[in-house]
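Q: Input: one structure, supplied below.
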2 protein chains.
Amino acid sequence: VFPERPKIAVVGAGALGGYYGARLAQSGHDVHFLLRSDYEAVRRNGWAVRSFVGDFQLGPDRAHVYNDPREMPPADLVLVTLKTTANDQYEPLIRPLLKDGTAILTIQNGLGNEDRLAELFGGSRILGGMAFVCINRDGPGIIHHIDHGTIRLGEFRGGLSDRASRIAKLFNDSRVTCEVLEDLRWGRWSKLVWNIPFNGLGAVLDLTTDRLLADAGSVQLVTDIMREVIEAAEAQGLRMPADMIDRQITHTRTMGPYRSSMQIDRQEGRPLEVESILGEPFRQARAAGIKTPKLEMLYEMARLADRMPLRLPHRVE
Amino acid sequence: VFPERPKIAVVGAGALGGYYGARLAQSGHDVHFLLRSDYEAVRRNGWAVRSFVGDFQLGPDRAHVYNDPREMPPADLVLVTLKTTANDQYEPLIRPLLKDGTAILTIQNGLGNEDRLAELFGGSRILGGMAFVCINRDGPGIIHHIDHGTIRLGEFRGGLSDRASRIAKLFNDSRVTCEVLEDLRWGRWSKLVWNIPFNGLGAVLDLTTDRLLADAGSVQLVTDIMREVIEAAEAQGLRMPADMIDRQITHTRTMGPYRSSMQIDRQEGRPLEVESILGEPFRQARAAGIKTPKLEMLYEMARLADRMPLRLPHRVE
């Protein structure tokens with residue numbers, strides 16, 4: 001059974017992994033962070049979290065940091081928070097952390113991450129989670145937690161489990177709301193209904209969510225794309241609520257000029273998570289026999305945009 | 001009948017109108033240019049044309065220039081070379097130039113221009129032309145004619161006419177190859193098969209034609225869009241050659257890193273010709289009962305891009 005006081009490894013501790021890992025460490029858990037670019041800063045200064053629910057620090061004595069997974073202790077729980085563009089690093093980064101019974105929870109965007117992890121490490125180890133959170137990296141080891149924070153997680157193989165409940169409890173005891181999903185695929189696809197139009201169009205057009213909902217024509221485009229995603233999900237036996245599109249658009253209007261993660265990545269010249277957010281959903285829709293011409297086009301345009309990052313400032317307003 | 005030595009007015013003499021008007025004037029025709037931004041420069045210095053077939057000047061004594069159409073003489077032939085984003089100016093710019101028998105030839109991009117002119121001035125006056133030319137404005141009154149130059153023109157109401165032949169002869173006698181089309185709609189739609197993907201994607205993604213044909217996925221996207229345009233054309237009784245897409249893609253590969261006019265407009269912060277090149281074809285396809293989801297999406301994305309011009313330099317290569 002999954003231990004009550006697990007050893008936790010965070011693989012790819014950017015803003016997201018740093019935040020959730022620091023929350024777990026703050027509540028007394030034994031958390032080990034694998035970092036790349038911010039390794040030196042966090043080793044010296046720990047994590048500094050500016051959060052809308054109250055700032056906190058995790059000193060260097062409690063932030064166990066590494067830049068080589070082979071120096072890390074085997075873990076009971078591996079949190080994978082890499083950008084999906086680094087998924088070709090799963091094997092060298094995660095393999096050294098495994099022992100009998102290690103659970104791997106990927107909190108990454110889009111589709112295909114659990115499948116790839118299952119191929120490499122066996123499906124019984126794998127859980128998937130979605131983070132509903134606004135979070136930025138303000139500097140080396142400095143995290144800005146802007147809003148929200150809920151995690152929804154579930155077993156890769158579906159259904160409920162004692163393990164999933166225990167992991168959820170770890171988070172809930174650490175000031176992170178966490179819910180267990182009986183059907184992870186349902187959760188993934190329902191998040192994609194939002195992510196695909198707003199990340200895809202946001203990155204390709206370099207527009208915030210409010211600009212994408214600025215008039216009837218653009219709302220129709222967002223709606224058309226959402227409808228294709230819902231059709232693809234339903235072709236796989238998932239059921240989405242009838243008012244899902246309306247609710248998502250209404251909710252998005254409350255968010256103001258929100259930059260999707262893919263828009264930010266493009267502005268900052270980083271690789272875009274094109275395959276997990278757009279490519280894999282398109283391929284799954286096609287495999288299910290569903291025509292998704294707008295998703296297909298958005299995928300292709302994002303691939304093209306991915307090779308031509310923008311640099312700010314470049315706007316004429 | 002249409003006179004052999006007509007009085008010619010060029011409305012909207014940018015690079016395109018300046019070039020063709022200067023060619024006609026160079027061969028002895030009586031050409032009157034209506035200008036806006038370059039009025040002072042051309043009034044003083046005339047036109048300077050740098051052309052791949054030989055440079056020439058049209059001195060200020062022979063370039064009759066105006067900045068107010070009410071000061072211009074009535075014309076036998078009005079060449080309309082406005083950007084289509086200025087089509088709301090048809091009435092005040094063209095009405096003062098008309099007399100009995102004045103022919104209006106619009107050499108503008110996309111669809112809907114002849115229709116609008118016909119509504120305002122009567123269908124019997126109207127011809128449409130397409131310019132297959134690479135041309136730039138290098139400075140006030142300075143035109144760079146880079147390549148090609150053929151005009152294809154036809155009667156708005158279809159069929160051949162003595163008038164169309166005479167206008168074609170004016171051009172052919174002035175070092176501008178000109179062909180008469182029996183079916184102007186066919187000509188317009190077949191040009192759109194190229195213009196829609198390369199102008200639309202070029203502007204939205206800020207990519208040259210070679211980048212849009214860089215791999216199998218992007219070629220597929222261009223192909224899909226071309227196929228929608230062809231379906232829309234054929235639904236209106238027009239027949240396109242079976243190998244049209246292959247030929248256009250093969251031809252485009254010979255053009256190197258070509259910037260479409262809409263990409264250039266976006267880079268230079270000018271309004272995009274979204275409605276004539278994308279909007280009107282989409283609406284005509286929809287009216288014909290043809291589904292064109294990718295054209296629809298490209299139209300909407302270009303509308304969104306139109307409100308957010310780029311500024312160069314902004315690239316990371």
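The way I read the labels, and the way they are meant: chains A, B, ... in the order of the structure tokens, residue 1 as the first residue of every chain, and ligand 1 as the first ligand shown, with later ones counted on from there.
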Could you please write out, as a CSV table (one decimal) with C-alpha atoms, in the first residue's frame, every residue of segment 142-198 of chain A that DSSP assigns to alpha helix (DSSP H)?

A:
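Dumped everything to part.csv:
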chain,number,residue,atom,x,y,z
A,162,ASP,CA,-6.6,3.8,-2.2
A,163,ARG,CA,-3.4,5.2,-3.6
A,164,ALA,CA,-5.2,8.0,-5.4
A,165,SER,CA,-7.1,8.9,-2.3
A,166,ARG,CA,-3.9,8.9,-0.2
A,167,ILE,CA,-2.1,11.2,-2.7
A,168,ALA,CA,-5.1,13.5,-2.8
A,169,LYS,CA,-5.0,13.6,1.0
A,170,LEU,CA,-1.3,14.6,0.9
A,171,PHE,CA,-2.3,17.6,-1.1
A,172,ASN,CA,-5.4,18.5,0.8
A,184,LEU,CA,-9.1,10.5,-15.8
A,185,ARG,CA,-9.8,10.5,-19.5
A,186,TRP,CA,-12.9,12.4,-18.9
A,187,GLY,CA,-11.0,14.9,-16.9
A,188,ARG,CA,-8.3,15.3,-19.6
A,189,TRP,CA,-10.7,15.7,-22.4
A,190,SER,CA,-12.9,18.2,-20.6
A,191,LYS,CA,-9.9,20.3,-19.8
A,192,LEU,CA,-8.9,20.2,-23.5
A,193,VAL,CA,-12.2,21.7,-24.4
A,194,TRP,CA,-10.8,24.9,-23.0
A,195,ASN,CA,-7.1,24.4,-23.6
A,196,ILE,CA,-7.3,23.6,-27.3
A,197,PRO,CA,-8.9,26.9,-28.5
A,198,PHE,CA,-7.4,29.2,-26.0

Q: With a distance threshold of 12 Å and counting only C-alpha atoms, extract the residues of chain B near chain A and express them as a PyMOL selection string.

A: chain B and resi 197+200-208+210-225+228+266-270+279+291-317

Q: Could you list, as a list in words, every residue within 8 Å of Lys99 of chain A, counting only C-alpha atoms and ignoring same-chain residues fewer than 4 positions away?

A: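 The contact residues come out as Pro74, Ala75 and Asp76 of chain A.
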
Q: Could you find all residues in segment 80-309 of chain A that DSSP calls strand (DSSP E) from the backbone, and write them as a PyMOL selection string?

A: chain A and resi 80+103-106+126-139+142-155+178-180

Q: Do you know which residues are at most 10 Å from Tyr20 of chain A counting only C-alpha atoms, after dropping those on the same chain fewer than 2 positions away, and could you put them as a list in words?

A: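 Returned residues: Val10, Ala13, Ala15, Leu16, Gly17, Gly18, Ala22, Arg23, Leu24, Ala25, Gln26, Leu79, Thr81, Ala131, Gly149, Ile151, Phe171, Ser174, Arg175 and Val176 of chain A.
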
Q: Go ahead and write the residues just picked, N, CA and C atoms, as a PDB file, in the first residue's frame.

A:
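This went into part36.pdb:
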ATOM      1  N   VAL A  10      10.104  15.497  -7.180  1.00  0.00           N
ATOM      2  CA  VAL A  10       9.473  16.373  -8.176  1.00  0.00           C
ATOM      3  C   VAL A  10      10.420  16.470  -9.358  1.00  0.00           C
ATOM      4  N   ALA A  13      11.133  20.755 -11.806  1.00  0.00           N
ATOM      5  CA  ALA A  13      10.547  21.689 -10.850  1.00  0.00           C
ATOM      6  C   ALA A  13      10.655  23.115 -11.360  1.00  0.00           C
ATOM      7  N   ALA A  15       7.869  26.445 -12.211  1.00  0.00           N
ATOM      8  CA  ALA A  15       6.948  27.138 -11.312  1.00  0.00           C
ATOM      9  C   ALA A  15       5.917  26.167 -10.738  1.00  0.00           C
ATOM     10  N   LEU A  16       5.358  25.318 -11.604  1.00  0.00           N
ATOM     11  CA  LEU A  16       4.297  24.417 -11.155  1.00  0.00           C
ATOM     12  C   LEU A  16       4.826  23.371 -10.177  1.00  0.00           C
ATOM     13  N   GLY A  17       5.889  22.674 -10.576  1.00  0.00           N
ATOM     14  CA  GLY A  17       6.454  21.646  -9.705  1.00  0.00           C
ATOM     15  C   GLY A  17       7.037  22.261  -8.444  1.00  0.00           C
ATOM     16  N   GLY A  18       7.642  23.412  -8.575  1.00  0.00           N
ATOM     17  CA  GLY A  18       8.187  24.102  -7.401  1.00  0.00           C
ATOM     18  C   GLY A  18       7.088  24.457  -6.420  1.00  0.00           C
ATOM     19  N   ALA A  22       6.800  22.617  -2.958  1.00  0.00           N
ATOM     20  CA  ALA A  22       7.051  23.453  -1.783  1.00  0.00           C
ATOM     21  C   ALA A  22       5.881  23.390  -0.802  1.00  0.00           C
ATOM     22  N   ARG A  23       4.662  23.325  -1.337  1.00  0.00           N
ATOM     23  CA  ARG A  23       3.495  23.162  -0.453  1.00  0.00           C
ATOM     24  C   ARG A  23       3.592  21.861   0.354  1.00  0.00           C
ATOM     25  N   LEU A  24       3.955  20.772  -0.327  1.00  0.00           N
ATOM     26  CA  LEU A  24       4.078  19.475   0.364  1.00  0.00           C
ATOM     27  C   LEU A  24       5.202  19.520   1.385  1.00  0.00           C
ATOM     28  N   ALA A  25       6.325  20.132   1.025  1.00  0.00           N
ATOM     29  CA  ALA A  25       7.460  20.232   1.961  1.00  0.00           C
ATOM     30  C   ALA A  25       7.100  21.124   3.135  1.00  0.00           C
ATOM     31  N   GLN A  26       6.380  22.196   2.842  1.00  0.00           N
ATOM     32  CA  GLN A  26       5.981  23.133   3.894  1.00  0.00           C
ATOM     33  C   GLN A  26       5.151  22.436   4.965  1.00  0.00           C
ATOM     34  N   LEU A  79       6.373  13.106  -8.786  1.00  0.00           N
ATOM     35  CA  LEU A  79       5.520  14.101  -9.456  1.00  0.00           C
ATOM     36  C   LEU A  79       6.241  14.554 -10.706  1.00  0.00           C
ATOM     37  N   THR A  81       6.397  17.145 -13.526  1.00  0.00           N
ATOM     38  CA  THR A  81       5.899  18.474 -13.899  1.00  0.00           C
ATOM     39  C   THR A  81       6.761  19.097 -14.992  1.00  0.00           C
ATOM     40  N   ALA A 131      -3.719  20.408 -13.141  1.00  0.00           N
ATOM     41  CA  ALA A 131      -3.618  21.533 -12.213  1.00  0.00           C
ATOM     42  C   ALA A 131      -4.436  22.687 -12.762  1.00  0.00           C
ATOM     43  N   GLY A 149      -5.660  26.795  -7.896  1.00  0.00           N
ATOM     44  CA  GLY A 149      -4.657  25.848  -7.420  1.00  0.00           C
ATOM     45  C   GLY A 149      -5.103  24.399  -7.316  1.00  0.00           C
ATOM     46  N   ILE A 151      -5.967  20.615  -7.839  1.00  0.00           N
ATOM     47  CA  ILE A 151      -5.512  19.478  -8.645  1.00  0.00           C
ATOM     48  C   ILE A 151      -6.642  18.457  -8.718  1.00  0.00           C
ATOM     49  N   PHE A 171      -2.086  16.279  -0.656  1.00  0.00           N
ATOM     50  CA  PHE A 171      -2.272  17.649  -1.142  1.00  0.00           C
ATOM     51  C   PHE A 171      -3.250  18.417  -0.256  1.00  0.00           C
ATOM     52  N   SER A 174      -1.974  19.872   2.639  1.00  0.00           N
ATOM     53  CA  SER A 174      -0.882  20.816   2.385  1.00  0.00           C
ATOM     54  C   SER A 174      -1.377  22.094   1.716  1.00  0.00           C
ATOM     55  N   ARG A 175      -2.604  22.460   1.977  1.00  0.00           N
ATOM     56  CA  ARG A 175      -3.213  23.678   1.458  1.00  0.00           C
ATOM     57  C   ARG A 175      -3.389  23.666  -0.064  1.00  0.00           C
ATOM     58  N   VAL A 176      -3.462  22.464  -0.626  1.00  0.00           N
ATOM     59  CA  VAL A 176      -3.763  22.337  -2.062  1.00  0.00           C
ATOM     60  C   VAL A 176      -5.033  21.509  -2.194  1.00  0.00           C
TER      61      VAL A 176
END

Q: Excluding Asp100 of chain B and residues on its chain fewer than 2 positions from it, collect all residues at most 12 Å away from it, counting only C-alpha atoms, and give them as a PDB file with N, CA, C and O atoms, in the first residue's frame.

A:
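Now in around-v4.pdb:
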ATOM      1  N   VAL B   1     -19.020  53.196 -78.905  1.00  0.00           N
ATOM      2  CA  VAL B   1     -17.916  52.231 -78.759  1.00  0.00           C
ATOM      3  C   VAL B   1     -16.787  52.879 -77.963  1.00  0.00           C
ATOM      4  O   VAL B   1     -16.690  54.106 -77.870  1.00  0.00           O
ATOM      5  N   PHE B   2     -15.962  52.004 -77.446  1.00  0.00           N
ATOM      6  CA  PHE B   2     -14.862  52.463 -76.613  1.00  0.00           C
ATOM      7  C   PHE B   2     -13.789  53.126 -77.496  1.00  0.00           C
ATOM      8  O   PHE B   2     -13.375  52.548 -78.494  1.00  0.00           O
ATOM      9  N   PRO B  74     -13.553  64.051 -66.679  1.00  0.00           N
ATOM     10  CA  PRO B  74     -14.254  62.764 -66.851  1.00  0.00           C
ATOM     11  C   PRO B  74     -13.419  61.853 -67.741  1.00  0.00           C
ATOM     12  O   PRO B  74     -12.698  62.326 -68.628  1.00  0.00           O
ATOM     13  N   ALA B  75     -13.505  60.569 -67.476  1.00  0.00           N
ATOM     14  CA  ALA B  75     -12.623  59.619 -68.148  1.00  0.00           C
ATOM     15  C   ALA B  75     -13.432  58.632 -68.993  1.00  0.00           C
ATOM     16  O   ALA B  75     -14.612  58.385 -68.735  1.00  0.00           O
ATOM     17  N   ASP B  76     -12.767  58.075 -69.996  1.00  0.00           N
ATOM     18  CA  ASP B  76     -13.355  56.964 -70.744  1.00  0.00           C
ATOM     19  C   ASP B  76     -13.114  55.639 -70.028  1.00  0.00           C
ATOM     20  O   ASP B  76     -13.905  54.709 -70.151  1.00  0.00           O
ATOM     21  N   LEU B  77     -11.977  55.605 -69.320  1.00  0.00           N
ATOM     22  CA  LEU B  77     -11.622  54.383 -68.597  1.00  0.00           C
ATOM     23  C   LEU B  77     -11.122  54.768 -67.211  1.00  0.00           C
ATOM     24  O   LEU B  77     -10.182  55.557 -67.082  1.00  0.00           O
ATOM     25  N   ARG B  95     -17.343  58.581 -58.685  1.00  0.00           N
ATOM     26  CA  ARG B  95     -18.502  59.262 -59.276  1.00  0.00           C
ATOM     27  C   ARG B  95     -18.097  60.496 -60.093  1.00  0.00           C
ATOM     28  O   ARG B  95     -18.600  60.681 -61.212  1.00  0.00           O
ATOM     29  N   LEU B  97     -15.718  61.062 -61.907  1.00  0.00           N
ATOM     30  CA  LEU B  97     -14.951  60.769 -63.123  1.00  0.00           C
ATOM     31  C   LEU B  97     -15.818  60.223 -64.240  1.00  0.00           C
ATOM     32  O   LEU B  97     -15.336  59.972 -65.344  1.00  0.00           O
ATOM     33  N   LEU B  98     -17.101  60.016 -63.962  1.00  0.00           N
ATOM     34  CA  LEU B  98     -17.955  59.301 -64.911  1.00  0.00           C
ATOM     35  C   LEU B  98     -18.620  60.232 -65.909  1.00  0.00           C
ATOM     36  O   LEU B  98     -18.973  61.370 -65.601  1.00  0.00           O
ATOM     37  N   THR B 102     -18.370  55.695 -69.757  1.00  0.00           N
ATOM     38  CA  THR B 102     -17.142  55.429 -68.997  1.00  0.00           C
ATOM     39  C   THR B 102     -17.105  53.960 -68.574  1.00  0.00           C
ATOM     40  O   THR B 102     -18.070  53.454 -67.991  1.00  0.00           O
ATOM     41  N   ALA B 103     -15.989  53.289 -68.842  1.00  0.00           N
ATOM     42  CA  ALA B 103     -15.785  51.922 -68.367  1.00  0.00           C
ATOM     43  C   ALA B 103     -14.969  51.973 -67.082  1.00  0.00           C
ATOM     44  O   ALA B 103     -14.065  52.813 -66.942  1.00  0.00           O
ATOM     45  N   ILE B 104     -15.323  51.114 -66.150  1.00  0.00           N
ATOM     46  CA  ILE B 104     -14.595  51.035 -64.885  1.00  0.00           C
ATOM     47  C   ILE B 104     -13.952  49.655 -64.798  1.00  0.00           C
ATOM     48  O   ILE B 104     -14.653  48.643 -64.811  1.00  0.00           O
ATOM     49  N   PHE B 121     -22.673  52.012 -59.769  1.00  0.00           N
ATOM     50  CA  PHE B 121     -22.516  52.729 -61.045  1.00  0.00           C
ATOM     51  C   PHE B 121     -23.141  52.002 -62.229  1.00  0.00           C
ATOM     52  O   PHE B 121     -23.058  52.479 -63.354  1.00  0.00           O
ATOM     53  N   GLY B 122     -23.752  50.841 -61.978  1.00  0.00           N
ATOM     54  CA  GLY B 122     -24.384  50.081 -63.063  1.00  0.00           C
ATOM     55  C   GLY B 122     -23.458  49.016 -63.618  1.00  0.00           C
ATOM     56  O   GLY B 122     -22.305  49.304 -63.950  1.00  0.00           O
ATOM     57  N   SER B 124     -23.223  47.586 -66.435  1.00  0.00           N
ATOM     58  CA  SER B 124     -22.739  47.668 -67.813  1.00  0.00           C
ATOM     59  C   SER B 124     -21.392  48.385 -67.912  1.00  0.00           C
ATOM     60  O   SER B 124     -20.665  48.211 -68.881  1.00  0.00           O
ATOM     61  N   ARG B 125     -21.063  49.167 -66.909  1.00  0.00           N
ATOM     62  CA  ARG B 125     -19.784  49.884 -66.957  1.00  0.00           C
ATOM     63  C   ARG B 125     -18.604  49.014 -66.527  1.00  0.00           C
ATOM     64  O   ARG B 125     -17.450  49.376 -66.773  1.00  0.00           O
TER      65      ARG B 125
END

Q: Would you pick out the contacts of Arg239 of chain B at 12 Å or less, using only C-alpha atoms, so that residues sharing its chain but fewer than 3 positions from it are not included, and give the list as a ChimeraX atom specification?

A: /B:183,185-187,189-190,229-236,242-244

Q: How many Å lie between atom CA of Gly28 of chain B and atom CA of Ile126 of chain B, rounded to one decimal?

A: 24.3 Å

Q: Name all residues at most 8 Å from His29 of chain B (count only C-alpha atoms; drop same-chain ones fewer than 6 positions away) and give them as a ChimeraX atom specification.

A: /B:5-8

Q: In Å, with one decimal, what is the gap from atom CA of Arg286 of chain A to atom CA of Val274 of chain A?

A: 16.6 Å

Q: What's the separation between atom CA of Leu34 of chain B and atom CA of Pro96 of chain B, in Å to one decimal place?

A: 11.7 Å

Q: Pick out the closest residue to Glu275 of chain A from this set: A:Gly101, A:Thr85, A:Ile290, A:Thr150. Count only C-alpha atoms.

A: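 Of all the options, A:Thr85 lies closest to Glu275 of chain A.
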
Q: Pick the closest to Ser51 of chain B from B:Leu111, B:Ile142, B:Met130, B:Ala9: which is it, counting only C-alpha atoms?

A: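 Smallest distance to Ser51 of chain B is found for B:Ile142.
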